[in-house]
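Q: The file below is protein38.cif, mmCIF, C-alpha atoms:
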data_structure
#
loop_
_atom_site.label_atom_id
_atom_site.label_comp_id
_atom_site.auth_asym_id
_atom_site.auth_seq_id
_atom_site.Cartn_x
_atom_site.Cartn_y
_atom_site.Cartn_z
CA MET I 125 -68.17 35.94 -4.23
CA SER I 126 -70.30 35.32 -1.13
CA GLU I 127 -67.60 33.11 0.33
CA SER I 128 -64.87 35.67 -0.06
CA LYS I 129 -66.97 38.20 1.84
CA SER I 130 -66.80 36.09 4.98
CA GLU I 131 -63.01 36.10 4.70
CA PRO I 132 -61.14 39.35 5.38
CA LEU I 133 -59.32 40.77 2.38
CA PHE I 134 -55.91 40.27 3.95
CA SER I 135 -56.44 37.18 6.07
CA LYS I 136 -53.48 35.19 7.34
CA LYS I 137 -53.80 32.80 4.41
CA ASN I 138 -53.82 35.64 1.91
CA LYS I 139 -50.81 37.32 3.51
CA ALA I 140 -48.91 34.07 3.28
CA LEU I 141 -49.58 34.09 -0.48
CA ILE I 142 -47.50 37.24 -0.71
CA THR I 143 -44.79 36.52 1.85
CA ASN I 144 -44.05 32.86 1.04
CA PRO I 145 -42.69 33.47 -2.47
CA LEU I 146 -40.29 36.06 -1.08
CA ASN I 147 -38.38 33.47 0.86
CA LYS I 148 -39.41 29.86 1.49
CA ASN I 149 -41.13 29.36 -1.83
CA ASN I 150 -39.16 31.75 -4.01
CA PRO I 151 -40.04 31.19 -7.66
CA VAL I 152 -36.47 31.51 -8.89
CA THR I 153 -34.31 29.88 -6.26
CA ILE I 154 -36.65 27.24 -4.80
CA GLN I 155 -39.26 26.48 -7.47
CA VAL I 156 -36.51 26.95 -10.12
CA LEU I 157 -38.80 28.77 -12.56
CA GLY I 158 -38.11 31.67 -14.88
CA ILE I 159 -34.34 31.42 -14.72
CA CYS I 160 -33.72 32.40 -18.33
CA SER I 161 -34.71 36.01 -18.01
CA ALA I 162 -33.68 36.27 -14.37
CA LEU I 163 -30.06 35.70 -15.31
CA ALA I 164 -29.86 37.48 -18.62
CA VAL I 165 -31.17 40.95 -17.81
CA THR I 166 -29.15 41.57 -14.66
CA VAL I 167 -26.10 43.41 -16.01
CA GLN I 168 -27.65 46.74 -15.03
CA MET I 169 -30.01 47.42 -12.20
CA ASP I 170 -32.51 49.46 -14.21
CA ASN I 171 -33.00 46.60 -16.66
CA ALA I 172 -33.66 44.27 -13.75
CA ILE I 173 -36.18 46.63 -12.17
CA VAL I 174 -38.07 47.25 -15.41
CA MET I 175 -38.06 43.53 -16.18
CA SER I 176 -39.45 42.62 -12.74
CA VAL I 177 -42.19 45.22 -13.06
CA ALA I 178 -43.10 43.83 -16.52
CA VAL I 179 -43.16 40.23 -15.30
CA THR I 180 -45.19 41.15 -12.21
CA ALA I 181 -47.73 43.00 -14.35
CA VAL I 182 -48.14 40.07 -16.76
CA LEU I 183 -48.27 37.59 -13.88
CA VAL I 184 -50.93 39.50 -11.91
CA LEU I 185 -53.15 40.17 -14.94
CA GLY I 186 -52.66 36.68 -16.36
CA ASN I 187 -53.46 35.06 -13.01
CA MET I 188 -56.57 37.21 -12.70
CA ILE I 189 -57.86 36.49 -16.22
CA VAL I 190 -57.19 32.76 -16.05
CA SER I 191 -58.73 32.56 -12.60
CA LEU I 192 -61.87 34.35 -13.83
CA MET I 193 -62.08 31.97 -16.79
CA ARG I 194 -61.08 28.82 -14.93
CA ASN I 195 -64.55 27.27 -15.06
CA VAL I 196 -65.03 27.77 -18.80
CA ILE I 197 -61.59 26.66 -20.08
CA PRO I 198 -61.72 23.04 -21.28
CA SER I 199 -58.81 21.29 -19.63
CA LYS I 200 -57.59 19.73 -22.90
CA ILE I 201 -56.75 23.03 -24.56
CA ARG I 202 -55.82 24.99 -21.44
CA ILE I 203 -52.14 25.37 -22.38
CA ILE I 204 -53.02 27.02 -25.69
CA VAL I 205 -55.59 29.27 -24.00
CA GLN I 206 -53.03 30.32 -21.39
CA LEU I 207 -50.40 30.95 -24.07
CA VAL I 208 -52.77 33.18 -26.00
CA ILE I 209 -53.73 35.17 -22.90
CA VAL I 210 -50.10 35.60 -21.86
CA ALA I 211 -48.95 36.45 -25.39
CA GLY I 212 -51.64 39.14 -25.64
CA LEU I 213 -50.59 40.64 -22.30
CA VAL I 214 -46.90 40.57 -23.28
CA ILE I 215 -47.64 42.42 -26.52
CA ILE I 216 -49.34 45.14 -24.48
CA VAL I 217 -46.43 45.31 -22.02
CA ASP I 218 -43.94 45.45 -24.90
CA GLN I 219 -45.77 48.35 -26.55
CA VAL I 220 -46.00 50.20 -23.20
CA LEU I 221 -42.26 49.73 -22.58
CA LYS I 222 -41.44 50.93 -26.10
CA ALA I 223 -43.58 54.02 -25.55
CA TYR I 224 -42.32 55.06 -22.11
CA VAL I 225 -38.85 53.57 -21.46
CA TYR I 226 -37.56 53.10 -24.98
CA ASP I 227 -33.85 52.72 -24.22
CA VAL I 228 -34.41 50.10 -21.53
CA SER I 229 -36.76 48.23 -23.84
CA LYS I 230 -34.02 48.27 -26.51
CA LYS I 231 -31.56 46.79 -24.03
CA LEU I 232 -34.00 44.10 -22.91
CA SER I 233 -34.48 43.21 -26.62
CA VAL I 234 -35.83 39.68 -26.99
CA PHE I 235 -36.26 39.13 -23.28
CA VAL I 236 -39.51 41.07 -23.20
CA GLY I 237 -40.93 38.63 -25.74
CA LEU I 238 -39.57 35.75 -23.73
CA ILE I 239 -41.89 36.64 -20.85
CA ILE I 240 -44.40 34.54 -22.81
CA THR I 241 -42.42 31.39 -22.18
CA ASN I 242 -41.25 32.45 -18.74
CA CYS I 243 -41.95 29.37 -16.69
CA ILE I 244 -43.03 31.42 -13.67
CA ILE I 245 -46.05 32.65 -15.60
CA MET I 246 -47.09 29.27 -17.01
CA GLY I 247 -46.21 27.54 -13.75
CA ARG I 248 -48.32 29.83 -11.59
CA LEU I 249 -51.23 29.78 -14.05
CA GLU I 250 -51.17 25.98 -14.08
CA ALA I 251 -50.52 25.44 -10.40
CA PHE I 252 -52.53 28.23 -8.81
CA ALA I 253 -54.84 30.33 -10.96
CA LEU I 254 -56.64 27.34 -12.49
CA GLY I 255 -57.83 26.21 -9.07
CA ASN I 256 -58.30 29.38 -7.04
CA LYS I 257 -60.50 32.46 -6.76
CA PRO I 258 -59.49 35.69 -8.55
CA TRP I 259 -58.44 37.65 -5.44
CA ALA I 260 -56.20 34.87 -4.13
CA SER I 261 -54.74 34.50 -7.63
CA ILE I 262 -53.96 38.21 -7.83
CA LEU I 263 -52.14 38.03 -4.50
CA ASP I 264 -50.25 34.96 -5.64
CA GLY I 265 -49.22 36.85 -8.76
CA VAL I 266 -48.04 39.83 -6.72
CA GLY I 267 -46.09 37.59 -4.34
CA ASN I 268 -44.37 35.60 -7.04
CA GLY I 269 -43.66 38.71 -9.08
CA PHE I 270 -41.98 40.29 -6.06
CA GLY I 271 -40.08 37.09 -5.29
CA TYR I 272 -38.78 37.12 -8.84
CA GLY I 273 -37.96 40.82 -8.64
CA LEU I 274 -36.12 40.35 -5.35
CA VAL I 275 -33.70 37.84 -6.87
CA LEU I 276 -33.23 39.97 -9.99
CA ILE I 277 -32.46 43.09 -7.98
CA ILE I 278 -30.02 41.31 -5.65
CA VAL I 279 -28.17 39.68 -8.57
CA SER I 280 -28.02 42.89 -10.59
CA PHE I 281 -26.87 44.84 -7.52
CA PHE I 282 -23.78 42.67 -7.12
CA LYS I 283 -23.15 42.40 -10.85
CA GLU I 284 -23.33 46.10 -11.54
CA LEU I 285 -21.60 47.25 -8.35
CA PHE I 286 -18.57 45.00 -8.77
CA GLY I 287 -18.64 44.91 -12.55
CA SER I 288 -18.81 48.62 -13.31
CA GLY I 289 -18.65 50.26 -9.89
CA ALA I 290 -21.98 52.00 -10.32
CA LEU I 291 -25.72 51.55 -9.84
CA THR I 292 -28.42 52.67 -12.25
CA ILE I 293 -31.91 53.15 -10.90
CA PRO I 294 -34.68 54.20 -13.29
CA GLY I 295 -35.50 57.88 -13.00
CA PHE I 296 -32.14 58.81 -11.44
CA GLU I 297 -28.74 59.55 -12.86
CA LYS I 298 -26.17 56.75 -12.94
CA PHE I 299 -24.73 56.60 -9.44
CA GLU I 300 -21.00 55.88 -9.55
CA ILE I 301 -20.44 54.72 -6.01
CA PHE I 302 -16.88 53.43 -6.26
CA LYS I 303 -15.70 56.62 -7.95
CA ALA I 304 -17.38 58.69 -5.24
CA ILE I 305 -15.67 56.76 -2.46
CA GLY I 306 -12.37 57.16 -4.27
CA ILE I 307 -11.60 53.45 -4.17
CA TYR I 308 -10.07 53.56 -7.67
CA ASP I 309 -7.32 55.86 -6.44
CA MET I 310 -6.25 53.13 -4.05
CA GLY I 311 -5.63 50.82 -7.00
CA TYR I 312 -8.97 48.99 -7.14
CA MET I 313 -10.12 47.79 -10.55
CA ASP I 314 -13.55 46.73 -11.77
CA ASN I 315 -14.02 43.01 -12.11
CA GLY I 316 -14.88 42.43 -15.76
CA LEU I 317 -16.00 38.87 -15.04
CA MET I 318 -19.03 40.24 -13.19
CA LEU I 319 -20.36 41.67 -16.44
CA LEU I 320 -20.15 38.32 -18.25
CA PRO I 321 -23.02 35.82 -18.24
CA PRO I 322 -21.43 33.13 -16.01
CA SER I 323 -21.22 35.43 -12.99
CA SER I 324 -25.01 35.59 -12.62
CA LEU I 325 -25.02 31.82 -12.32
CA PHE I 326 -22.45 32.00 -9.54
CA ILE I 327 -24.39 34.70 -7.70
CA VAL I 328 -27.67 32.77 -7.89
CA GLY I 329 -25.84 29.62 -6.79
CA ILE I 330 -24.44 31.42 -3.75
CA TYR I 331 -27.86 32.99 -3.07
CA ILE I 332 -29.40 29.49 -3.00
CA TRP I 333 -26.58 28.33 -0.75
CA VAL I 334 -27.17 31.11 1.79
CA GLN I 335 -30.94 30.71 1.64
CA LYS I 336 -30.86 26.96 2.23
CA TYR I 337 -28.25 27.34 4.94
CA ARG I 338 -30.65 29.60 6.81
CA ASN I 339 -33.69 27.35 6.15
CA PRO I 340 -32.37 23.81 6.64
CA ASP I 341 -35.79 22.29 5.86
CA LEU I 342 -35.38 23.36 2.22
CA ILE I 343 -32.26 21.24 1.69
CA GLU I 344 -32.58 18.59 -1.04
CA SER I 345 -31.78 15.07 0.05
CA MET C 192 -18.31 28.73 -45.53
CA GLU C 193 -20.93 31.19 -44.35
CA TYR C 194 -23.05 28.26 -43.17
CA ILE C 195 -20.21 26.76 -41.15
CA ASN C 196 -19.53 30.09 -39.49
CA ILE C 197 -23.19 30.53 -38.56
CA PHE C 198 -23.23 27.01 -37.14
CA ILE C 199 -20.11 27.50 -35.03
CA LYS C 200 -21.24 30.90 -33.82
CA SER C 201 -24.68 29.72 -32.74
CA ALA C 202 -23.50 26.44 -31.23
CA PHE C 203 -20.39 27.51 -29.35
CA ILE C 204 -19.88 31.26 -29.14
CA ASP C 205 -23.49 32.34 -28.63
CA ASN C 206 -24.44 29.13 -26.88
CA MET C 207 -28.11 29.27 -25.87
CA ILE C 208 -27.50 28.12 -22.31
CA PHE C 209 -24.20 29.73 -21.41
CA THR C 210 -24.67 33.10 -23.04
CA PHE C 211 -28.41 33.74 -23.02
CA PHE C 212 -29.72 31.22 -20.46
CA PHE C 213 -32.49 30.12 -22.84
CA GLY C 214 -34.40 27.09 -21.68
CA MET C 215 -32.75 27.03 -18.26
CA CYS C 216 -35.88 25.69 -16.57
CA SER C 217 -36.02 22.42 -18.47
CA TYR C 218 -32.21 22.37 -18.57
CA LEU C 219 -32.13 22.22 -14.77
CA ALA C 220 -35.17 19.98 -14.36
CA VAL C 221 -34.31 17.28 -16.91
CA SER C 222 -30.54 17.05 -16.48
CA LYS C 223 -30.44 14.45 -13.72
CA THR C 224 -29.49 11.54 -16.01
CA VAL C 225 -27.71 11.51 -19.38
CA LYS C 226 -30.44 9.39 -20.99
CA THR C 227 -33.27 11.87 -20.45
CA ALA C 228 -30.92 14.73 -21.30
CA VAL C 229 -30.17 13.17 -24.69
CA GLY C 230 -33.92 12.72 -25.25
CA LEU C 231 -34.81 16.33 -24.50
CA GLY C 232 -31.74 17.64 -26.31
CA SER C 233 -32.62 15.81 -29.53
CA ALA C 234 -36.23 16.95 -29.26
CA VAL C 235 -35.02 20.56 -29.03
CA ILE C 236 -32.78 20.19 -32.11
CA PHE C 237 -35.64 18.59 -34.00
CA VAL C 238 -38.21 21.28 -33.14
CA LEU C 239 -35.75 24.11 -33.80
CA VAL C 240 -34.84 22.77 -37.23
CA VAL C 241 -38.54 22.53 -38.10
CA THR C 242 -39.84 25.79 -36.58
CA ILE C 243 -37.05 28.24 -37.43
CA PRO C 244 -37.53 28.00 -41.25
CA ILE C 245 -41.32 28.29 -40.86
CA ASN C 246 -40.97 31.33 -38.61
CA TYR C 247 -38.44 32.74 -41.08
CA LEU C 248 -40.95 32.48 -43.93
CA LEU C 249 -43.64 34.01 -41.71
CA GLU C 250 -41.31 36.88 -40.82
CA THR C 251 -40.20 37.56 -44.41
CA TYR C 252 -43.56 37.27 -46.12
CA VAL C 253 -46.06 38.43 -43.50
CA LEU C 254 -44.70 40.19 -40.43
CA ALA C 255 -41.76 42.43 -41.35
CA GLU C 256 -42.28 45.98 -42.52
CA GLY C 257 -43.29 45.95 -46.17
CA ALA C 258 -43.34 42.16 -46.27
CA LEU C 259 -46.90 42.05 -47.48
CA SER C 260 -46.08 43.84 -50.75
CA TRP C 261 -46.63 40.57 -52.67
CA LEU C 262 -50.35 41.04 -51.94
CA GLY C 263 -50.50 44.31 -53.85
CA GLU C 264 -49.45 47.94 -53.80
CA GLU C 265 -51.69 49.05 -50.94
CA TYR C 266 -50.17 46.52 -48.52
CA ALA C 267 -46.56 47.59 -49.13
CA THR C 268 -46.38 49.97 -46.16
CA MET C 269 -47.91 47.64 -43.56
CA ASP C 270 -45.84 46.71 -40.54
CA LEU C 271 -47.20 43.77 -38.56
CA SER C 272 -44.08 43.15 -36.49
CA PHE C 273 -45.91 43.87 -33.22
CA LEU C 274 -47.80 40.62 -33.85
CA SER C 275 -44.64 38.54 -34.02
CA PHE C 276 -44.78 37.24 -30.42
CA ILE C 277 -48.22 35.77 -30.76
CA MET C 278 -47.61 34.45 -34.29
CA PHE C 279 -44.33 32.78 -33.36
CA ILE C 280 -45.72 31.14 -30.25
CA ALA C 281 -48.79 29.96 -32.17
CA VAL C 282 -46.57 28.44 -34.87
CA ILE C 283 -44.37 26.78 -32.28
CA ALA C 284 -47.25 25.36 -30.25
CA SER C 285 -49.04 23.98 -33.30
CA ILE C 286 -45.88 22.61 -34.94
CA VAL C 287 -44.95 20.84 -31.73
CA GLN C 288 -48.41 19.31 -31.60
CA LEU C 289 -48.19 18.29 -35.27
CA VAL C 290 -44.70 16.87 -34.92
CA GLU C 291 -45.84 14.88 -31.91
CA MET C 292 -48.71 13.31 -33.87
CA LEU C 293 -46.55 12.58 -36.93
CA VAL C 294 -43.77 11.02 -34.89
CA GLU C 295 -46.27 8.90 -33.00
CA LYS C 296 -47.75 7.62 -36.27
CA PHE C 297 -44.61 7.01 -38.31
CA SER C 298 -41.91 6.20 -35.78
CA PRO C 299 -43.19 4.72 -32.53
CA ALA C 300 -39.62 4.06 -31.40
CA LEU C 301 -38.66 7.73 -31.72
CA TYR C 302 -41.95 8.67 -30.07
CA GLY C 303 -41.07 6.44 -27.16
CA ALA C 304 -37.76 8.27 -26.81
CA LEU C 305 -38.96 11.85 -27.35
CA GLY C 306 -42.66 11.47 -26.51
CA ILE C 307 -42.89 12.93 -23.04
CA PHE C 308 -40.51 15.77 -23.86
CA LEU C 309 -42.27 17.16 -26.90
CA PRO C 310 -45.17 18.90 -25.09
CA LEU C 311 -42.65 20.43 -22.68
CA ILE C 312 -40.90 22.09 -25.57
CA ALA C 313 -43.77 24.34 -26.62
CA VAL C 314 -43.08 26.48 -23.57
CA ASN C 315 -39.30 26.14 -23.65
CA CYS C 316 -37.84 29.59 -24.09
CA ALA C 317 -35.02 28.18 -26.24
CA ILE C 318 -37.45 27.77 -29.14
CA LEU C 319 -39.13 31.16 -28.91
CA GLY C 320 -35.82 32.80 -28.06
CA ALA C 321 -34.18 31.37 -31.18
CA ALA C 322 -37.13 32.56 -33.27
CA LEU C 323 -36.85 36.09 -31.85
CA PHE C 324 -33.09 36.17 -32.40
CA MET C 325 -33.62 34.91 -35.94
CA GLN C 326 -35.94 37.89 -36.45
CA GLN C 327 -33.30 40.25 -35.04
CA LYS C 328 -30.36 38.87 -37.04
CA GLN C 329 -32.15 39.22 -40.39
CA PHE C 330 -30.64 36.28 -42.23
CA ALA C 331 -30.22 36.58 -45.99
CA ASN C 332 -32.02 33.36 -46.92
CA ILE C 333 -33.89 30.43 -45.47
CA GLY C 334 -30.81 28.20 -45.57
CA GLU C 335 -28.91 30.44 -43.17
CA ALA C 336 -31.89 30.56 -40.83
CA THR C 337 -32.15 26.76 -40.82
CA VAL C 338 -28.45 26.38 -40.09
CA TYR C 339 -28.88 28.88 -37.26
CA GLY C 340 -31.69 26.72 -35.85
CA LEU C 341 -29.57 23.58 -36.18
CA GLY C 342 -26.57 25.22 -34.54
CA SER C 343 -28.55 26.65 -31.63
CA GLY C 344 -30.21 23.30 -31.05
CA PHE C 345 -26.87 21.53 -31.15
CA GLY C 346 -25.42 23.98 -28.62
CA TRP C 347 -28.36 23.38 -26.32
CA PHE C 348 -28.00 19.60 -26.73
CA LEU C 349 -24.30 19.80 -25.93
CA ALA C 350 -24.91 21.87 -22.80
CA ILE C 351 -27.62 19.65 -21.33
CA VAL C 352 -25.75 16.41 -22.03
CA LEU C 353 -22.56 17.80 -20.47
CA ILE C 354 -24.28 18.99 -17.30
CA ALA C 355 -26.19 15.70 -16.99
CA ALA C 356 -22.93 13.76 -17.18
CA ILE C 357 -21.39 15.98 -14.51
CA ARG C 358 -24.46 15.69 -12.28
CA GLU C 359 -24.42 11.90 -12.58
CA LYS C 360 -20.83 11.85 -11.33
CA ILE C 361 -21.26 14.48 -8.65
CA LYS C 362 -23.79 12.32 -6.83
CA TYR C 363 -20.84 10.39 -5.42
CA SER C 364 -18.97 13.47 -4.23
CA HIS C 365 -19.27 15.17 -0.89
CA VAL C 366 -21.16 18.40 -1.67
CA PRO C 367 -22.09 20.75 1.20
CA ALA C 368 -25.73 20.06 2.12
CA PRO C 369 -27.25 23.51 1.40
CA VAL C 370 -25.83 23.69 -2.10
CA ARG C 371 -26.80 20.13 -3.08
CA GLY C 372 -29.03 19.82 -6.16
CA VAL C 373 -30.02 23.03 -7.91
CA GLY C 374 -27.42 25.25 -6.24
CA MET C 375 -24.58 23.05 -7.42
CA ALA C 376 -26.09 22.87 -10.91
CA PHE C 377 -26.00 26.67 -11.08
CA ILE C 378 -22.38 26.91 -10.03
CA LEU C 379 -21.38 24.10 -12.41
CA THR C 380 -23.16 25.81 -15.29
CA GLY C 381 -21.27 28.99 -14.46
CA LEU C 382 -17.96 27.15 -14.60
CA MET C 383 -18.91 25.53 -17.92
CA GLY C 384 -19.92 28.95 -19.20
CA LEU C 385 -16.44 30.26 -18.33
CA ALA C 386 -14.93 27.42 -20.34
CA PHE C 387 -17.18 28.22 -23.29
CA LEU C 388 -16.03 31.85 -23.18
CA GLY C 389 -12.81 30.45 -24.63
CA PHE C 390 -14.58 30.14 -27.98
CA LEU C 391 -15.07 33.92 -28.13
CA GLY C 392 -13.95 35.40 -31.42
CA PHE C 393 -13.44 31.98 -33.02
CA GLU C 394 -14.04 32.10 -36.77
CA LEU C 395 -13.13 30.03 -39.79
#
Transcribe the structure of this file into structure tokens.

A:
Amino acid sequence: MSESKSEPLFSKKNKALITNPLNKNNPVTIQVLGICSALAVTVQMDNAIVMSVAVTAVLVLGNMIVSLMRNVIPSKIRIIVQLVIVAGLVIIVDQVLKAYVYDVSKKLSVFVGLIITNCIIMGRLEAFALGNKPWASILDGVGNGFGYGLVLIIVSFFKELFGSGALTIPGFEKFEIFKAIGIYDMGYMDNGLMLLPPSSLFIVGIYIWVQKYRNPDLIES
Amino acid sequence: MEYINIFIKSAFIDNMIFTFFFGMCSYLAVSKTVKTAVGLGSAVIFVLVVTIPINYLLETYVLAEGALSWLGEEYATMDLSFLSFIMFIAVIASIVQLVEMLVEKFSPALYGALGIFLPLIAVNCAILGAALFMQQKQFANIGEATVYGLGSGFGWFLAIVLIAAIREKIKYSHVPAPVRGVGMAFILTGLMGLAFLGFLGFEL
């Protein structure tokens, strides 16, 4: 702890831990982790928001616990130890979701349980929390959780807006934008394809395209 | 007949990759050549066929509401289903470990082919996802659950081998630089998913 005192709480290095995953090191589009849930829960925006909050919570707590225990975990059984920690956290998150946002938790169905095998969690635990101090690990968890959430929210925004002409945000009533503008009267129709699974793949593909176009150093050779 | 329907439904209509995106991480990472894709795909089929029946027994006799009634009257009302995540993942992780050791001992050739992929599979969401769906679908008997595991694994195998073949060919095409690699794999998977939508409603 004495070393971290000499370093300010939000030093440049620590800030980079949060901002990097939002763009240049995005967990979903650049590290290609955690795709399964990122694509499957994006039909409605409220599902995406609840899912990103759940993943961020598990990621931050898991990173913190593993980082605190990093010197006592034997490296041979570390995967099992991490799985148990993550599974315990996911059970807690699942029970909390069932208690407070029951209908969203019903819609997320198995994808809450699948946070356990979400590669973002295992990937960050392996790559970061096992070799870094708790505070840095917490920030890394926050950054990657937000990076994940950012992609989820962008994908679900396009899917829901063009698929059903509305946006649902937790805590508010369903906001039917296209109806309010009156675009249906002009003969516009919702694009049913946007509600089907393949469209999230297209949207993420285009997202990666735009992102790499703007950051040419990320392009794969 | 019921078995064939379950197989077709889990392999083609509710394909793990195209409908639920299960196991996308390893699907994207290991689909650069057909050879490794076949290796990982067969390992997934293998592990699913082994773990799904075990998880089914666990679900029916331990976890589900009232499943413990074989222990005695006082256990009949117990509901342990909140423990299913941790139990399933523990079963999967240990079975994968066990399978790895057995394969290494009895079939070194198969171990050489599957070896490096087996540890990867413990954290592949296809396996846990199939177990959780098995829990949700409430199959009538262990045979149906096993066929479900086989079908899901076969669907996954099919998807990863197809994308690997396409990615091998696309290396020689002129793809715009920013979308090269992962971006293209996403768009290709989307197109394949559209094709697989054609199976919707298919039944024997």

Q: Around the point (-24.9, 26.2, -28.3) (coordinates from the file), which residues reach within 9 Å if we count only C-alpha atoms? Answer as a VMD selection string.

A: chain C and resid 199 to 210 342 to 350

Q: Could you take the residues named above and write them with C-alpha atoms, as a PDB file, in the frame of the given file?

A:
ATOM      1  CA  ILE C 199     -20.110  27.500 -35.030  1.00  0.00           C
ATOM      2  CA  LYS C 200     -21.240  30.900 -33.820  1.00  0.00           C
ATOM      3  CA  SER C 201     -24.680  29.720 -32.740  1.00  0.00           C
ATOM      4  CA  ALA C 202     -23.500  26.440 -31.230  1.00  0.00           C
ATOM      5  CA  PHE C 203     -20.390  27.510 -29.350  1.00  0.00           C
ATOM      6  CA  ILE C 204     -19.880  31.260 -29.140  1.00  0.00           C
ATOM      7  CA  ASP C 205     -23.490  32.340 -28.630  1.00  0.00           C
ATOM      8  CA  ASN C 206     -24.440  29.130 -26.880  1.00  0.00           C
ATOM      9  CA  MET C 207     -28.110  29.270 -25.870  1.00  0.00           C
ATOM     10  CA  ILE C 208     -27.500  28.120 -22.310  1.00  0.00           C
ATOM     11  CA  PHE C 209     -24.200  29.730 -21.410  1.00  0.00           C
ATOM     12  CA  THR C 210     -24.670  33.100 -23.040  1.00  0.00           C
ATOM     13  CA  GLY C 342     -26.570  25.220 -34.540  1.00  0.00           C
ATOM     14  CA  SER C 343     -28.550  26.650 -31.630  1.00  0.00           C
ATOM     15  CA  GLY C 344     -30.210  23.300 -31.050  1.00  0.00           C
ATOM     16  CA  PHE C 345     -26.870  21.530 -31.150  1.00  0.00           C
ATOM     17  CA  GLY C 346     -25.420  23.980 -28.620  1.00  0.00           C
ATOM     18  CA  TRP C 347     -28.360  23.380 -26.320  1.00  0.00           C
ATOM     19  CA  PHE C 348     -28.000  19.600 -26.730  1.00  0.00           C
ATOM     20  CA  LEU C 349     -24.300  19.800 -25.930  1.00  0.00           C
ATOM     21  CA  ALA C 350     -24.910  21.870 -22.800  1.00  0.00           C
TER      22      ALA C 350
END

Q: Only residues of chain C matter here; which ones have an atom within 9 Å of chain I, counting only C-alpha atoms? Give them as JSON, numbers by chain.

A: {"C": [208, 209, 210, 211, 212, 213, 214, 215, 216, 219, 220, 273, 274, 275, 276, 277, 280, 281, 284, 313, 314, 315, 316, 319, 320, 323, 324, 327, 368, 369, 370, 371, 372, 373, 374, 375, 376, 377, 378, 379, 380, 381, 382, 383, 384, 385]}

Q: The PyMOL selection byres ((chain C and resi 291) around 10) on the file shown: which residues, as a list in words?

A: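 For this structure, the PyMOL selection byres ((chain C and resi 291) around 10) resolves to Ser285, Ile286, Val287, Gln288, Leu289, Val290, Met292, Leu293, Val294, Glu295, Lys296, Tyr302, Leu305, Gly306, Ile307, Phe308, Leu309 and Pro310 of chain C.
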
Q: For Val229 (chain C), which residue out of C:Leu248, C:Ala356, C:Met325, C:Ala300 is the nearest one, using only C-alpha atoms?

A: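 For Val229 (chain C), the nearest of the given residues is C:Ala356.
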
Q: Report, in Å to a single decimal, how far apart CA of Phe302 (chain I) and CA of Glu284 (chain I) are.

A: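 According to the coordinates, CA of Glu284 (chain I) and CA of Phe302 (chain I) are separated by 11.1 Å.
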
Q: In Å, how far is it from CA of Thr251 (chain C) to CA of Val220 (chain I)?

A: 25.4 Å

Q: When the PyMOL selection byres ((chain I and resi 265-277) around 6) is applied to the structure above, which residues does it catch, written out as a PyMOL selection string?

A: chain I and resi 142+145-146+150+162+172+176+180+183-184+262-264+278-281

Q: Between CA of Phe282 (chain I) and CA of Tyr308 (chain I), what is the distance, to one decimal in Å?

A: 17.5 Å

Q: For a cutoff of 12 Å around the file-coordinate point (-19.6, 28.4, -42.2), which residues qualify once you count only C-alpha atoms? I'd like the result as a PDB file with C-alpha atoms, keeping the file's coordinate frame.

A:
ATOM      1  CA  MET C 192     -18.310  28.730 -45.530  1.00  0.00           C
ATOM      2  CA  GLU C 193     -20.930  31.190 -44.350  1.00  0.00           C
ATOM      3  CA  TYR C 194     -23.050  28.260 -43.170  1.00  0.00           C
ATOM      4  CA  ILE C 195     -20.210  26.760 -41.150  1.00  0.00           C
ATOM      5  CA  ASN C 196     -19.530  30.090 -39.490  1.00  0.00           C
ATOM      6  CA  ILE C 197     -23.190  30.530 -38.560  1.00  0.00           C
ATOM      7  CA  PHE C 198     -23.230  27.010 -37.140  1.00  0.00           C
ATOM      8  CA  ILE C 199     -20.110  27.500 -35.030  1.00  0.00           C
ATOM      9  CA  LYS C 200     -21.240  30.900 -33.820  1.00  0.00           C
ATOM     10  CA  SER C 201     -24.680  29.720 -32.740  1.00  0.00           C
ATOM     11  CA  ALA C 202     -23.500  26.440 -31.230  1.00  0.00           C
ATOM     12  CA  GLY C 334     -30.810  28.200 -45.570  1.00  0.00           C
ATOM     13  CA  GLU C 335     -28.910  30.440 -43.170  1.00  0.00           C
ATOM     14  CA  VAL C 338     -28.450  26.380 -40.090  1.00  0.00           C
ATOM     15  CA  TYR C 339     -28.880  28.880 -37.260  1.00  0.00           C
ATOM     16  CA  GLY C 342     -26.570  25.220 -34.540  1.00  0.00           C
ATOM     17  CA  PHE C 393     -13.440  31.980 -33.020  1.00  0.00           C
ATOM     18  CA  GLU C 394     -14.040  32.100 -36.770  1.00  0.00           C
ATOM     19  CA  LEU C 395     -13.130  30.030 -39.790  1.00  0.00           C
TER      20      LEU C 395
END

Q: Once the PyMOL selection byres ((chain I and resi 191) around 10) has been applied to the shown file, what residues remain in the selection, as a VMD selection string?

A: chain I and resid 185 to 190 192 to 195 197 249 252 to 262
